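Heads up, run-v6.pdb below (PDB, C-alpha atoms):
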ATOM      1  CA  MET U   1       0.000   0.000   0.000
ATOM      2  CA  SER U   2       1.427   3.358  -0.946
ATOM      3  CA  GLY U   3       1.934   6.097   1.644
ATOM      4  CA  ARG U   4      -0.850   8.247   0.166
ATOM      5  CA  VAL U   5      -3.391   5.427   0.200
ATOM      6  CA  ALA U   6      -2.446   4.554   3.787
ATOM      7  CA  LEU U   7      -2.890   8.205   4.813
ATOM      8  CA  VAL U   8      -6.346   8.376   3.176
ATOM      9  CA  VAL U   9      -7.416   5.130   4.882
ATOM     10  CA  LEU U  10      -6.069   6.332   8.253
ATOM     11  CA  THR U  11      -7.787   9.724   7.901
ATOM     12  CA  HIS U  12     -11.082   8.080   6.918
ATOM     13  CA  ASN U  13     -10.882   5.670   9.865
ATOM     14  CA  ARG U  14     -10.164   8.522  12.298
ATOM     15  CA  LYS U  15     -13.149  10.503  10.987
ATOM     16  CA  ARG U  16     -15.387   7.450  11.323
ATOM     17  CA  GLU U  17     -14.081   6.861  14.863
ATOM     18  CA  ALA U  18     -14.751  10.506  15.799
ATOM     19  CA  LEU U  19     -18.262  10.256  14.323
ATOM     20  CA  ARG U  20     -19.031   7.130  16.377
ATOM     21  CA  THR U  21     -17.692   8.845  19.507
ATOM     22  CA  LEU U  22     -20.032  11.797  18.914
ATOM     23  CA  GLU U  23     -22.964   9.420  18.422
ATOM     24  CA  ARG U  24     -22.172   7.552  21.665
ATOM     25  CA  LEU U  25     -21.790  10.803  23.622
ATOM     26  CA  ALA U  26     -25.088  12.214  22.297
ATOM     27  CA  SER U  27     -26.931   8.913  22.846
ATOM     28  CA  ALA U  28     -25.707   8.674  26.429
ATOM     29  CA  HIS U  29     -26.657  12.306  27.034
ATOM     30  CA  ILE U  30     -30.358  11.939  26.146
ATOM     31  CA  LYS U  31     -30.732   8.162  26.691
ATOM     32  CA  GLU U  32     -31.922   7.590  23.096
ATOM     33  CA  PRO U  33     -30.078   6.316  20.022
ATOM     34  CA  VAL U  34     -28.479   9.084  17.940
ATOM     35  CA  SER U  35     -27.060   8.583  14.464
ATOM     36  CA  ILE U  36     -25.051  11.141  12.493
ATOM     37  CA  GLY U  37     -24.548  10.846   8.742
ATOM     38  CA  SER U  38     -21.500  13.109   8.493
ATOM     39  CA  VAL U  39     -19.639  15.815  10.380
ATOM     40  CA  ARG U  40     -17.419  18.735   9.331
ATOM     41  CA  MET U  41     -15.193  20.745  11.628
ATOM     42  CA  SER U  42     -14.624  24.468  11.196
ATOM     43  CA  ALA U  43     -12.423  26.988  12.956
ATOM     44  CA  PHE U  44     -13.270  30.161  10.995
ATOM     45  CA  SER U  45     -15.437  31.892  13.582
ATOM     46  CA  GLY U  46     -14.489  29.786  16.567
ATOM     47  CA  PHE U  47     -14.479  25.998  16.705
ATOM     48  CA  ASP U  48     -17.699  24.289  15.652
ATOM     49  CA  LEU U  49     -19.019  21.048  14.206
ATOM     50  CA  THR U  50     -21.638  20.876  11.459
ATOM     51  CA  MET U  51     -23.498  17.582  11.327
ATOM     52  CA  GLU U  52     -25.693  16.310   8.513
ATOM     53  CA  ASN U  53     -28.440  13.689   8.601
ATOM     54  CA  VAL U  54     -28.818  13.543  12.369
ATOM     55  CA  ALA U  55     -31.525  11.138  13.550
ATOM     56  CA  ILE U  56     -32.722  10.654  17.126
ATOM     57  CA  GLY U  57     -34.772   7.772  18.489
ATOM     58  CA  THR U  58     -35.029   4.058  17.801
ATOM     59  CA  THR U  59     -37.274   4.732  14.808
ATOM     60  CA  GLN U  60     -35.514   7.999  13.927
ATOM     61  CA  ASP U  61     -38.480  10.057  15.142
ATOM     62  CA  LEU U  62     -36.502  13.296  14.948
ATOM     63  CA  LYS U  63     -34.416  14.093  11.875
ATOM     64  CA  ILE U  64     -32.229  17.192  11.578
ATOM     65  CA  ALA U  65     -30.065  18.521   8.739
ATOM     66  CA  PRO U  66     -27.932  20.455   9.338
ATOM     67  CA  MET U  67     -27.064  20.795  13.024
ATOM     68  CA  ARG U  68     -24.266  23.061  14.238
ATOM     69  CA  VAL U  69     -22.634  22.388  17.600
ATOM     70  CA  ALA U  70     -20.317  25.024  19.083
ATOM     71  CA  PRO U  71     -18.350  23.571  22.014
ATOM     72  CA  GLU U  72     -15.824  25.306  24.219
ATOM     73  CA  LEU U  73     -12.647  23.981  22.607
ATOM     74  CA  GLY U  74     -10.715  23.469  25.843
ATOM     75  CA  SER U  75     -13.530  21.457  27.391
ATOM     76  CA  LEU U  76     -13.239  18.756  24.719
ATOM     77  CA  PHE U  77     -10.156  17.457  26.515
ATOM     78  CA  GLY U  78     -11.666  17.600  30.011
ATOM     79  CA  ASP U  79     -14.138  15.510  31.960
ATOM     80  CA  VAL U  80     -17.018  17.955  31.400
ATOM     81  CA  LYS U  81     -17.864  18.941  27.816
ATOM     82  CA  LEU U  82     -19.214  22.503  27.565
ATOM     83  CA  ILE U  83     -21.367  23.312  24.548
ATOM     84  CA  ARG U  84     -22.155  26.987  24.027
ATOM     85  CA  VAL U  85     -24.929  26.458  21.499
ATOM     86  CA  ILE U  86     -26.627  23.801  19.399
ATOM     87  CA  GLU U  87     -28.382  25.132  16.286
ATOM     88  CA  ALA U  88     -30.691  22.744  14.469
ATOM     89  CA  GLU U  89     -32.266  23.586  11.116
ATOM     90  CA  ASN U  90     -34.850  21.813   9.019
ATOM     91  CA  ALA U  91     -35.962  19.387  11.708
ATOM     92  CA  THR U  92     -38.783  16.922  11.156
ATOM     93  CA  ALA U  93     -40.336  15.357  14.231
ATOM     94  CA  ALA U  94     -42.878  12.552  14.491
ATOM     95  CA  GLN U  95     -45.787  13.105  16.854
ATOM     96  CA  GLU U  96     -44.291  10.566  19.303
ATOM     97  CA  VAL U  97     -41.373  12.938  19.984
ATOM     98  CA  LEU U  98     -43.672  15.222  21.970
ATOM     99  CA  GLN U  99     -44.242  12.477  24.551
ATOM    100  CA  ARG U 100     -40.538  11.637  24.886
ATOM    101  CA  LEU U 101     -39.152  15.188  24.855
ATOM    102  CA  PRO U 102     -39.513  15.708  28.643
ATOM    103  CA  ALA U 103     -37.494  12.522  29.283
ATOM    104  CA  TRP U 104     -34.760  13.752  26.912
ATOM    105  CA  LEU U 105     -34.586  17.075  28.743
ATOM    106  CA  GLU U 106     -34.464  15.357  32.148
ATOM    107  CA  ALA U 107     -31.695  13.012  30.996
ATOM    108  CA  SER U 108     -29.805  16.023  29.645
ATOM    109  CA  ARG U 109     -30.071  17.877  32.957
ATOM    110  CA  ALA U 110     -28.950  14.797  34.897
ATOM    111  CA  ASP U 111     -25.820  14.270  32.755
ATOM    112  CA  SER U 112     -22.949  16.031  34.496
ATOM    113  CA  ALA U 113     -20.489  15.109  31.706
ATOM    114  CA  VAL U 114     -22.068  17.488  29.149
ATOM    115  CA  ARG U 115     -23.401  20.999  29.761
ATOM    116  CA  ILE U 116     -25.365  22.832  27.047
ATOM    117  CA  GLY U 117     -25.824  26.598  27.171
ATOM    118  CA  ARG U 118     -28.537  27.074  24.534
ATOM    119  CA  ILE U 119     -30.503  25.130  21.912
ATOM    120  CA  VAL U 120     -31.925  26.929  18.855
ATOM    121  CA  MET U 121     -34.286  25.158  16.444
ATOM    122  CA  LYS U 122     -35.411  26.618  13.105
ATOM    123  CA  ASN U 123     -37.850  25.327  10.500
ATOM    124  CA  VAL U 124     -39.298  22.529  12.615
ATOM    125  CA  LYS U 125     -42.029  20.366  11.087
ATOM    126  CA  LEU U 126     -44.244  18.196  13.266
ATOM    127  CA  GLN U 127     -45.736  15.158  11.520
ATOM    128  CA  LEU U 128     -49.149  14.440  13.020
ATOM    129  CA  ARG U 129     -50.955  11.163  12.488
ATOM    130  CA  ASP U 130     -54.446  11.128  11.060
TER     131      ASP U 130
END
Rendering of file as structure tokens:
Amino acid sequence: MSGRVALVVLTHNRKREALRTLERLASAHIKEPVSIGSVRMSAFSGFDLTMENVAIGTTQDLKIAPMRVAPELGSLFGDVKLIRVIEAENATAAQEVLQRLPAWLEASRADSAVRIGRIVMKNVKLQLRD
């Protein structure tokens, strides 16, 4: 295997590993499965992560694309992760999410490993059953 191919494979594996770590952290935080399709990191206006195709719940009852997460950079290496803001756009939620939302918020408050300053949601669609 050439050096370039090995570097591409290593980089891809590290990105996948980071993505799975983010999914595990988010899932543990709200006590529901979280899947993330992709993530980009940016440092232009402070450090932030932009995630695409985020789904929450066993049946993916809440879908978000994109979602921007702005953590305090230094906290990423500590025991407590500090997130200044989470901005979610174009979210689609099934009716069942309304019943589970209080449990997600309670689990979030009880998790001392992650602290979130603010959550902003834009363009949210609620799918009601007939």
Residues selected by the PyMOL selection byres ((chain U and resi 40-45) around 10), written as a ChimeraX atom specification: /U:15,19,38-39,46-52,68-70
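Rounded to one decimal, atom CA of U:Leu126 and atom CA of U:Leu105 lie 18.3 Å from each other.
Residue nearest U:Glu87, chosen from U:Leu128, U:Val120, U:Leu73, U:Ala113 and counting all atoms listed in the file: U:Val120.
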Expansion of the PyMOL selection byres ((chain U and resi 95) around 8) into residues, as a PyMOL selection string: chain U and resi 93-94+96-99+126-129
Any chance you could export the current selection's C-alpha atoms as a PDB file, keeping the file's coordinate frame?
ATOM      1  CA  ALA U  93     -40.336  15.357  14.231  1.00  0.00           C
ATOM      2  CA  ALA U  94     -42.878  12.552  14.491  1.00  0.00           C
ATOM      3  CA  GLU U  96     -44.291  10.566  19.303  1.00  0.00           C
ATOM      4  CA  VAL U  97     -41.373  12.938  19.984  1.00  0.00           C
ATOM      5  CA  LEU U  98     -43.672  15.222  21.970  1.00  0.00           C
ATOM      6  CA  GLN U  99     -44.242  12.477  24.551  1.00  0.00           C
ATOM      7  CA  LEU U 126     -44.244  18.196  13.266  1.00  0.00           C
ATOM      8  CA  GLN U 127     -45.736  15.158  11.520  1.00  0.00           C
ATOM      9  CA  LEU U 128     -49.149  14.440  13.020  1.00  0.00           C
ATOM     10  CA  ARG U 129     -50.955  11.163  12.488  1.00  0.00           C
TER      11      ARG U 129
END
Chain and number of each residue from the PyMOL selection byres ((chain U and resi 115) around 8), as number ranges by chain: U: 80-83, 111-114, 116-117
Around all the atoms of stretch 30-43 of chain U listed in the file, draw an axis-aligned box and extend it by 4 Å on each of the six sides; I want its centre and edge lengths in Å to one decimal, as lines of an AutoDock Vina configuration file.
center_x = -22.2
center_y = 16.7
center_z = 17.6
size_x = 27.5
size_y = 28.7
size_z = 26.2
Stretch 62-64 of chain U surroundings by all atoms listed in the file, 6 Å radius, close-in-sequence under 6 positions cut, as a ChimeraX atom specification: /U:53-56,90-93
Proximity to U:Met67 - best of U:Glu32, U:Asp130, U:Glu23, U:Glu89, only C-alpha atoms: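 Comparing U:Glu32, U:Asp130, U:Glu23, U:Glu89 against U:Met67, the winner is U:Glu89.
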Distance in Å - atom CA of U:Arg14 versus atom CA of U:Ile86: 23.6 Å
Given all atoms listed in the file as the counted atoms, nearest of U:Ser108, U:Ile30, U:Val124, U:Arg118 to U:Pro71: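 That would be U:Arg118, the residue with the smallest distance to U:Pro71.
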Separation of atom CA of U:Ser75 from atom CA of U:Gly57 in Å: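 Taking atom CA of U:Gly57 and atom CA of U:Ser75, their separation equals 26.8 Å.
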Selected residue of minimal separation from U:Leu76 among U:Val34, U:Leu25, U:Thr58, U:Glu17, counting all atoms listed in the file: U:Leu25
Dump of stretch 95-107 of chain U from preceding block, all heavy atoms, as a PDB file, in the first residue's frame:
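Printed below is result34.pdb as written:
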ATOM      1  N   GLN U  95     -44.921  12.743  15.730  1.00  0.00           N
ATOM      2  CA  GLN U  95     -45.787  13.105  16.854  1.00  0.00           C
ATOM      3  C   GLN U  95     -45.308  12.478  18.162  1.00  0.00           C
ATOM      4  O   GLN U  95     -45.418  13.080  19.225  1.00  0.00           O
ATOM      5  CB  GLN U  95     -47.213  12.652  16.529  1.00  0.00           C
ATOM      6  CG  GLN U  95     -48.234  12.991  17.576  1.00  0.00           C
ATOM      7  CD  GLN U  95     -49.630  12.615  17.114  1.00  0.00           C
ATOM      8  OE1 GLN U  95     -49.868  12.394  15.936  1.00  0.00           O
ATOM      9  NE2 GLN U  95     -50.545  12.538  18.047  1.00  0.00           N
ATOM     10  N   GLU U  96     -44.749  11.282  18.108  1.00  0.00           N
ATOM     11  CA  GLU U  96     -44.291  10.566  19.303  1.00  0.00           C
ATOM     12  C   GLU U  96     -43.177  11.307  20.042  1.00  0.00           C
ATOM     13  O   GLU U  96     -42.968  11.094  21.229  1.00  0.00           O
ATOM     14  CB  GLU U  96     -43.806   9.158  18.923  1.00  0.00           C
ATOM     15  CG  GLU U  96     -44.902   8.235  18.437  1.00  0.00           C
ATOM     16  CD  GLU U  96     -45.341   8.515  16.989  1.00  0.00           C
ATOM     17  OE1 GLU U  96     -44.614   9.205  16.256  1.00  0.00           O
ATOM     18  OE2 GLU U  96     -46.416   8.037  16.611  1.00  0.00           O
ATOM     19  N   VAL U  97     -42.457  12.175  19.349  1.00  0.00           N
ATOM     20  CA  VAL U  97     -41.373  12.938  19.984  1.00  0.00           C
ATOM     21  C   VAL U  97     -41.908  13.816  21.109  1.00  0.00           C
ATOM     22  O   VAL U  97     -41.259  13.980  22.142  1.00  0.00           O
ATOM     23  CB  VAL U  97     -40.618  13.786  18.935  1.00  0.00           C
ATOM     24  CG1 VAL U  97     -39.699  14.801  19.586  1.00  0.00           C
ATOM     25  CG2 VAL U  97     -39.830  12.888  18.007  1.00  0.00           C
ATOM     26  N   LEU U  98     -43.102  14.340  20.943  1.00  0.00           N
ATOM     27  CA  LEU U  98     -43.672  15.222  21.970  1.00  0.00           C
ATOM     28  C   LEU U  98     -43.796  14.522  23.313  1.00  0.00           C
ATOM     29  O   LEU U  98     -43.590  15.134  24.355  1.00  0.00           O
ATOM     30  CB  LEU U  98     -45.036  15.749  21.519  1.00  0.00           C
ATOM     31  CG  LEU U  98     -45.024  16.655  20.298  1.00  0.00           C
ATOM     32  CD1 LEU U  98     -46.450  17.046  19.908  1.00  0.00           C
ATOM     33  CD2 LEU U  98     -44.174  17.884  20.529  1.00  0.00           C
ATOM     34  N   GLN U  99     -44.114  13.233  23.302  1.00  0.00           N
ATOM     35  CA  GLN U  99     -44.242  12.477  24.551  1.00  0.00           C
ATOM     36  C   GLN U  99     -42.887  12.181  25.189  1.00  0.00           C
ATOM     37  O   GLN U  99     -42.770  12.117  26.406  1.00  0.00           O
ATOM     38  CB  GLN U  99     -44.970  11.161  24.299  1.00  0.00           C
ATOM     39  CG  GLN U  99     -46.384  11.353  23.803  1.00  0.00           C
ATOM     40  CD  GLN U  99     -46.963  10.062  23.247  1.00  0.00           C
ATOM     41  OE1 GLN U  99     -46.267   9.062  23.086  1.00  0.00           O
ATOM     42  NE2 GLN U  99     -48.260  10.083  22.958  1.00  0.00           N
ATOM     43  N   ARG U 100     -41.852  12.004  24.368  1.00  0.00           N
ATOM     44  CA  ARG U 100     -40.538  11.637  24.886  1.00  0.00           C
ATOM     45  C   ARG U 100     -39.641  12.829  25.178  1.00  0.00           C
ATOM     46  O   ARG U 100     -38.636  12.702  25.872  1.00  0.00           O
ATOM     47  CB  ARG U 100     -39.853  10.687  23.898  1.00  0.00           C
ATOM     48  CG  ARG U 100     -40.610   9.375  23.793  1.00  0.00           C
ATOM     49  CD  ARG U 100     -39.834   8.238  23.192  1.00  0.00           C
ATOM     50  NE  ARG U 100     -38.861   8.537  22.205  1.00  0.00           N
ATOM     51  CZ  ARG U 100     -39.050   8.485  20.880  1.00  0.00           C
ATOM     52  NH1 ARG U 100     -40.215   8.192  20.397  1.00  0.00           N
ATOM     53  NH2 ARG U 100     -38.062   8.722  20.062  1.00  0.00           N
ATOM     54  N   LEU U 101     -39.980  14.000  24.671  1.00  0.00           N
ATOM     55  CA  LEU U 101     -39.152  15.188  24.855  1.00  0.00           C
ATOM     56  C   LEU U 101     -38.863  15.498  26.324  1.00  0.00           C
ATOM     57  O   LEU U 101     -37.715  15.778  26.674  1.00  0.00           O
ATOM     58  CB  LEU U 101     -39.781  16.386  24.150  1.00  0.00           C
ATOM     59  CG  LEU U 101     -38.939  17.642  24.045  1.00  0.00           C
ATOM     60  CD1 LEU U 101     -37.618  17.373  23.347  1.00  0.00           C
ATOM     61  CD2 LEU U 101     -39.710  18.734  23.309  1.00  0.00           C
ATOM     62  N   PRO U 102     -39.839  15.441  27.225  1.00  0.00           N
ATOM     63  CA  PRO U 102     -39.513  15.708  28.643  1.00  0.00           C
ATOM     64  C   PRO U 102     -38.464  14.749  29.207  1.00  0.00           C
ATOM     65  O   PRO U 102     -37.608  15.167  29.982  1.00  0.00           O
ATOM     66  CB  PRO U 102     -40.861  15.533  29.362  1.00  0.00           C
ATOM     67  CG  PRO U 102     -41.883  15.820  28.305  1.00  0.00           C
ATOM     68  CD  PRO U 102     -41.297  15.289  27.025  1.00  0.00           C
ATOM     69  N   ALA U 103     -38.494  13.490  28.800  1.00  0.00           N
ATOM     70  CA  ALA U 103     -37.494  12.522  29.283  1.00  0.00           C
ATOM     71  C   ALA U 103     -36.114  12.873  28.731  1.00  0.00           C
ATOM     72  O   ALA U 103     -35.106  12.733  29.435  1.00  0.00           O
ATOM     73  CB  ALA U 103     -37.883  11.104  28.874  1.00  0.00           C
ATOM     74  N   TRP U 104     -36.041  13.346  27.489  1.00  0.00           N
ATOM     75  CA  TRP U 104     -34.760  13.752  26.912  1.00  0.00           C
ATOM     76  C   TRP U 104     -34.190  14.934  27.686  1.00  0.00           C
ATOM     77  O   TRP U 104     -32.998  14.974  27.989  1.00  0.00           O
ATOM     78  CB  TRP U 104     -34.908  14.141  25.451  1.00  0.00           C
ATOM     79  CG  TRP U 104     -35.288  13.031  24.531  1.00  0.00           C
ATOM     80  CD1 TRP U 104     -35.420  11.708  24.840  1.00  0.00           C
ATOM     81  CD2 TRP U 104     -35.591  13.153  23.151  1.00  0.00           C
ATOM     82  NE1 TRP U 104     -35.790  11.007  23.727  1.00  0.00           N
ATOM     83  CE2 TRP U 104     -35.909  11.859  22.682  1.00  0.00           C
ATOM     84  CE3 TRP U 104     -35.654  14.219  22.263  1.00  0.00           C
ATOM     85  CZ2 TRP U 104     -36.256  11.615  21.359  1.00  0.00           C
ATOM     86  CZ3 TRP U 104     -35.997  13.963  20.947  1.00  0.00           C
ATOM     87  CH2 TRP U 104     -36.290  12.681  20.500  1.00  0.00           C
ATOM     88  N   LEU U 105     -35.048  15.898  28.001  1.00  0.00           N
ATOM     89  CA  LEU U 105     -34.586  17.075  28.743  1.00  0.00           C
ATOM     90  C   LEU U 105     -34.131  16.700  30.147  1.00  0.00           C
ATOM     91  O   LEU U 105     -33.127  17.212  30.642  1.00  0.00           O
ATOM     92  CB  LEU U 105     -35.688  18.139  28.790  1.00  0.00           C
ATOM     93  CG  LEU U 105     -36.055  18.756  27.444  1.00  0.00           C
ATOM     94  CD1 LEU U 105     -37.275  19.661  27.584  1.00  0.00           C
ATOM     95  CD2 LEU U 105     -34.891  19.514  26.845  1.00  0.00           C
ATOM     96  N   GLU U 106     -34.849  15.797  30.801  1.00  0.00           N
ATOM     97  CA  GLU U 106     -34.464  15.357  32.148  1.00  0.00           C
ATOM     98  C   GLU U 106     -33.140  14.606  32.116  1.00  0.00           C
ATOM     99  O   GLU U 106     -32.269  14.827  32.955  1.00  0.00           O
ATOM    100  CB  GLU U 106     -35.564  14.483  32.759  1.00  0.00           C
ATOM    101  CG  GLU U 106     -35.297  14.093  34.191  1.00  0.00           C
ATOM    102  CD  GLU U 106     -35.124  15.295  35.115  1.00  0.00           C
ATOM    103  OE1 GLU U 106     -35.810  16.311  34.936  1.00  0.00           O
ATOM    104  OE2 GLU U 106     -34.272  15.205  36.029  1.00  0.00           O
ATOM    105  N   ALA U 107     -32.964  13.742  31.134  1.00  0.00           N
ATOM    106  CA  ALA U 107     -31.695  13.012  30.996  1.00  0.00           C
ATOM    107  C   ALA U 107     -30.554  13.984  30.735  1.00  0.00           C
ATOM    108  O   ALA U 107     -29.453  13.826  31.270  1.00  0.00           O
ATOM    109  CB  ALA U 107     -31.798  11.988  29.864  1.00  0.00           C
TER     110      ALA U 107
END
